[in-house]
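Below is one structure, written out as structure tokens; comments come after it.
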Amino acid sequence: MILESYKQLMSTSEYICELRNVSKVINTTQILSDVNLNIRKGRVTALLGPNGAGKTTTIRIILSLLRPSSGEVFVFGKELKKNATQIRGNIGLLPQRNAGYKQLTALDNLKFILKLNNIDFKDIEDELIAMLERLNLMEVANKQFGKLSGGEARALGFIRAVLIGKQFLILDEPTTGLDIARAVEIRKIIQEEVNSGKSVLMSSHVITDLEELAQDIIILKKGRVIKFGDREEIQTHFSPGGKLEDAIVKAFMED
């Protein structure tokens, strides 16, 4: 069902997501101002910015959880406001905060969310089990979600996002709170998903995530895009000959 839904949204656009002159005002406060973004297919795009830059608002708008005050949003080449429900159901989201039903087991949480997204558990059972094994979660699969550690819940949310997002993943801090082994494995899985053709929009403060995964980088500051380009362009622009970390710090400090 979900795959058929996604096929209906397919387009020949080179972008998985586009924001055109998007602004957002909340309670008279200007959160976003004329934001223009083109997120390319088959790549990892990092959405970066200091606290309060507008990253979360941008993500919520792409997910149609917030409506822009002005401007247009296109996902899968389709106008978001006319196809919001269908589009949202084809995006795999890992939110910043871990979410799940505390009384259900880890596995039952996954089954329930998959069912809500019209995904037959039997169709993805092998893939799910393989990911549980890779992320060392098999031993807690039948443990109540509310009793999982923060890292276990985070990894479970990542699995959910990958299984739901057939072509587009939005990952907010994908490795925050994880032990080194799980963080390394999640970065490997993200790269594998991109190699298979998926597109990823990622927000992260973990420099290793950015160094290993980010191909394109968007710098947001005070609700405006101050720079967008591939990683090499960002480094050259803000810190010629320097490290990516140095470039990002300078970007955040720039007026």
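Residues in the structure tokens are numbered from 1 in each chain, the chains being A, B, ... in the order shown, and ligands are numbered from 1 in the order shown.
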
Item checked: Selection near Gly100 (chain A), 9 Å with only C-alpha atoms, sequence-local residues under 3 positions removed, as an MDAnalysis selection string -> chainID A and resid 103:104 106 109:110 145:146 153 157

Take the residues that were just selected and, keeping C-alpha atoms, output them as a short mmCIF file (atom, residue, chain, number, x, y, z; two decimals), in the first residue's frame.
data_model
loop_
_atom_site.label_atom_id
_atom_site.label_comp_id
_atom_site.auth_asym_id
_atom_site.auth_seq_id
_atom_site.Cartn_x
_atom_site.Cartn_y
_atom_site.Cartn_z
CA GLN A 103 3.31 -0.08 27.89
CA LEU A 104 3.88 -1.80 24.54
CA ALA A 106 9.65 -2.43 21.50
CA ASN A 109 5.55 -0.46 18.97
CA LEU A 110 7.15 -1.08 15.60
CA PHE A 145 9.25 0.67 25.49
CA GLY A 146 9.05 2.68 28.70
CA ALA A 153 14.65 3.93 22.15
CA GLY A 157 13.01 5.13 16.28
#

Checklist line | Contacts of Ala161 (chain A) at 6 Å (only C-alpha atoms; same-chain gap of 2+ positions) as a list in words | finding: Gly92, Leu93, Leu94, Phe158, Ile159, Leu163, Ile164 and Gly165 of chain A

How about saving the chosen residues, N, CA and C atoms kept, as a CSV table (one decimal), in the first residue's frame?
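File part_3.csv, as written:
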chain,number,residue,atom,x,y,z
A,92,GLY,N,10.0,9.0,6.2
A,92,GLY,CA,10.4,8.3,7.4
A,92,GLY,C,11.1,9.4,8.4
A,93,LEU,N,10.4,9.6,9.5
A,93,LEU,CA,10.9,10.6,10.4
A,93,LEU,C,11.5,10.0,11.7
A,94,LEU,N,12.6,10.5,12.1
A,94,LEU,CA,13.2,10.3,13.4
A,94,LEU,C,13.2,11.7,14.1
A,158,PHE,N,15.0,5.0,14.9
A,158,PHE,CA,15.7,5.1,13.6
A,158,PHE,C,15.2,3.9,12.7
A,159,ILE,N,15.0,2.7,13.2
A,159,ILE,CA,14.6,1.6,12.5
A,159,ILE,C,13.2,1.9,11.9
A,163,LEU,N,12.2,2.0,7.8
A,163,LEU,CA,11.2,1.1,7.2
A,163,LEU,C,10.0,1.9,6.6
A,164,ILE,N,9.6,3.0,7.2
A,164,ILE,CA,8.5,3.8,6.7
A,164,ILE,C,8.9,4.7,5.5
A,165,GLY,N,10.1,5.3,5.5
A,165,GLY,CA,10.5,6.2,4.5
A,165,GLY,C,11.1,5.4,3.3

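When the distance limit is 9 Å and only C-alpha atoms are what count, the residues near Ile129 (chain A), minus those fewer than 5 positions from it on the same chain, are A:Ile124, A:Arg134, A:Met138.
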
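With only C-alpha atoms taken into account, the protein and nucleic acid residues at most 9 Å from region 175-183 of chain A (excluding it and anything under 4 positions from it in its own chain) are Gln96, Arg134, Leu135, Asn136, Gly150, Gly151, Glu152, Arg154, Ala155, Arg187, Lys188, Ser204, His205, Val206 and Asp209 of chain A.
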
Selection export as a PDB file, in the first residue's frame, atoms kept: N, CA and C atoms:
ATOM      1  N   GLN A  96      13.431  14.553  17.174  1.00  0.00           N
ATOM      2  CA  GLN A  96      14.485  14.810  18.148  1.00  0.00           C
ATOM      3  C   GLN A  96      14.233  14.080  19.457  1.00  0.00           C
ATOM      4  N   ARG A 134      21.512  -5.858  13.854  1.00  0.00           N
ATOM      5  CA  ARG A 134      22.645  -4.966  13.597  1.00  0.00           C
ATOM      6  C   ARG A 134      22.804  -3.924  14.710  1.00  0.00           C
ATOM      7  N   LEU A 135      21.674  -3.482  15.261  1.00  0.00           N
ATOM      8  CA  LEU A 135      21.719  -2.445  16.287  1.00  0.00           C
ATOM      9  C   LEU A 135      21.640  -3.018  17.695  1.00  0.00           C
ATOM     10  N   ASN A 136      21.849  -4.324  17.793  1.00  0.00           N
ATOM     11  CA  ASN A 136      21.916  -5.001  19.092  1.00  0.00           C
ATOM     12  C   ASN A 136      20.656  -4.766  19.925  1.00  0.00           C
ATOM     13  N   GLY A 150      17.672   5.282  26.811  1.00  0.00           N
ATOM     14  CA  GLY A 150      17.519   6.327  25.804  1.00  0.00           C
ATOM     15  C   GLY A 150      18.115   5.921  24.467  1.00  0.00           C
ATOM     16  N   GLY A 151      19.270   5.268  24.510  1.00  0.00           N
ATOM     17  CA  GLY A 151      19.922   4.834  23.275  1.00  0.00           C
ATOM     18  C   GLY A 151      19.139   3.755  22.559  1.00  0.00           C
ATOM     19  N   GLU A 152      18.556   2.834  23.319  1.00  0.00           N
ATOM     20  CA  GLU A 152      17.746   1.769  22.719  1.00  0.00           C
ATOM     21  C   GLU A 152      16.500   2.353  22.054  1.00  0.00           C
ATOM     22  N   ARG A 154      16.175   5.367  20.930  1.00  0.00           N
ATOM     23  CA  ARG A 154      16.624   6.161  19.778  1.00  0.00           C
ATOM     24  C   ARG A 154      16.861   5.252  18.574  1.00  0.00           C
ATOM     25  N   ALA A 155      17.541   4.152  18.788  1.00  0.00           N
ATOM     26  CA  ALA A 155      17.830   3.211  17.705  1.00  0.00           C
ATOM     27  C   ALA A 155      16.550   2.601  17.162  1.00  0.00           C
ATOM     28  N   ARG A 187      25.321   5.164  11.175  1.00  0.00           N
ATOM     29  CA  ARG A 187      25.929   5.901  10.051  1.00  0.00           C
ATOM     30  C   ARG A 187      26.126   4.988   8.845  1.00  0.00           C
ATOM     31  N   LYS A 188      26.489   3.742   9.090  1.00  0.00           N
ATOM     32  CA  LYS A 188      26.648   2.789   7.983  1.00  0.00           C
ATOM     33  C   LYS A 188      25.304   2.547   7.293  1.00  0.00           C
ATOM     34  N   SER A 204      22.067  17.613  12.743  1.00  0.00           N
ATOM     35  CA  SER A 204      22.941  16.964  13.717  1.00  0.00           C
ATOM     36  C   SER A 204      23.979  17.948  14.235  1.00  0.00           C
ATOM     37  N   HIS A 205      24.302  17.806  15.522  1.00  0.00           N
ATOM     38  CA  HIS A 205      25.401  18.560  16.124  1.00  0.00           C
ATOM     39  C   HIS A 205      26.625  17.670  16.315  1.00  0.00           C
ATOM     40  N   VAL A 206      26.536  16.428  15.852  1.00  0.00           N
ATOM     41  CA  VAL A 206      27.644  15.488  15.988  1.00  0.00           C
ATOM     42  C   VAL A 206      28.544  15.625  14.754  1.00  0.00           C
ATOM     43  N   ASP A 209      28.965  12.717  12.312  1.00  0.00           N
ATOM     44  CA  ASP A 209      27.846  12.525  11.381  1.00  0.00           C
ATOM     45  C   ASP A 209      28.050  13.373  10.135  1.00  0.00           C
TER      46      ASP A 209
END

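Non-sequential neighbours of Val25 (chain A) (distance at most 10 Å, separation of 3 or more positions within a chain, only C-alpha atoms) are Thr28, Thr29, Gln30, Ile31, Leu32, Ser33, Arg67, Pro68, Ser69 and Ser70 of chain A.
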
Notebook entry, point to check: From the set A:Tyr15, A:Phe228, A:Ala141, A:Glu245, which residue has the shortest atom-to-atom contact distance to Arg43 (chain A), counting only C-alpha atoms?
Noted result: A:Tyr15

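Among A:Lys41, A:Arg231, A:Lys24, A:Arg88, the residue with the shortest atom-to-atom distance to Thr58 (chain A), counting only C-alpha atoms, is A:Lys24.
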
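One finds CA of Leu80 (chain A) at 23.3 Å from CA of Asn27 (chain A).
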
Next item on the list: Name the residues of region 31-245 of chain A that fall into alpha helix (DSSP H) according to DSSP on the backbone, using the chain letters and numbers of this document, as a PyMOL selection string.
Entry: chain A and resi 55-62+84-88+106-116+121-134+150-164+180-195+207-213+231-238+244-245

Note to self: As an exercise, work out the distance from CA of Met202 (chain A) to CA of Lys115 (chain A) in Å and give it to one decimal place.
What the structure shows: 25.4 Å
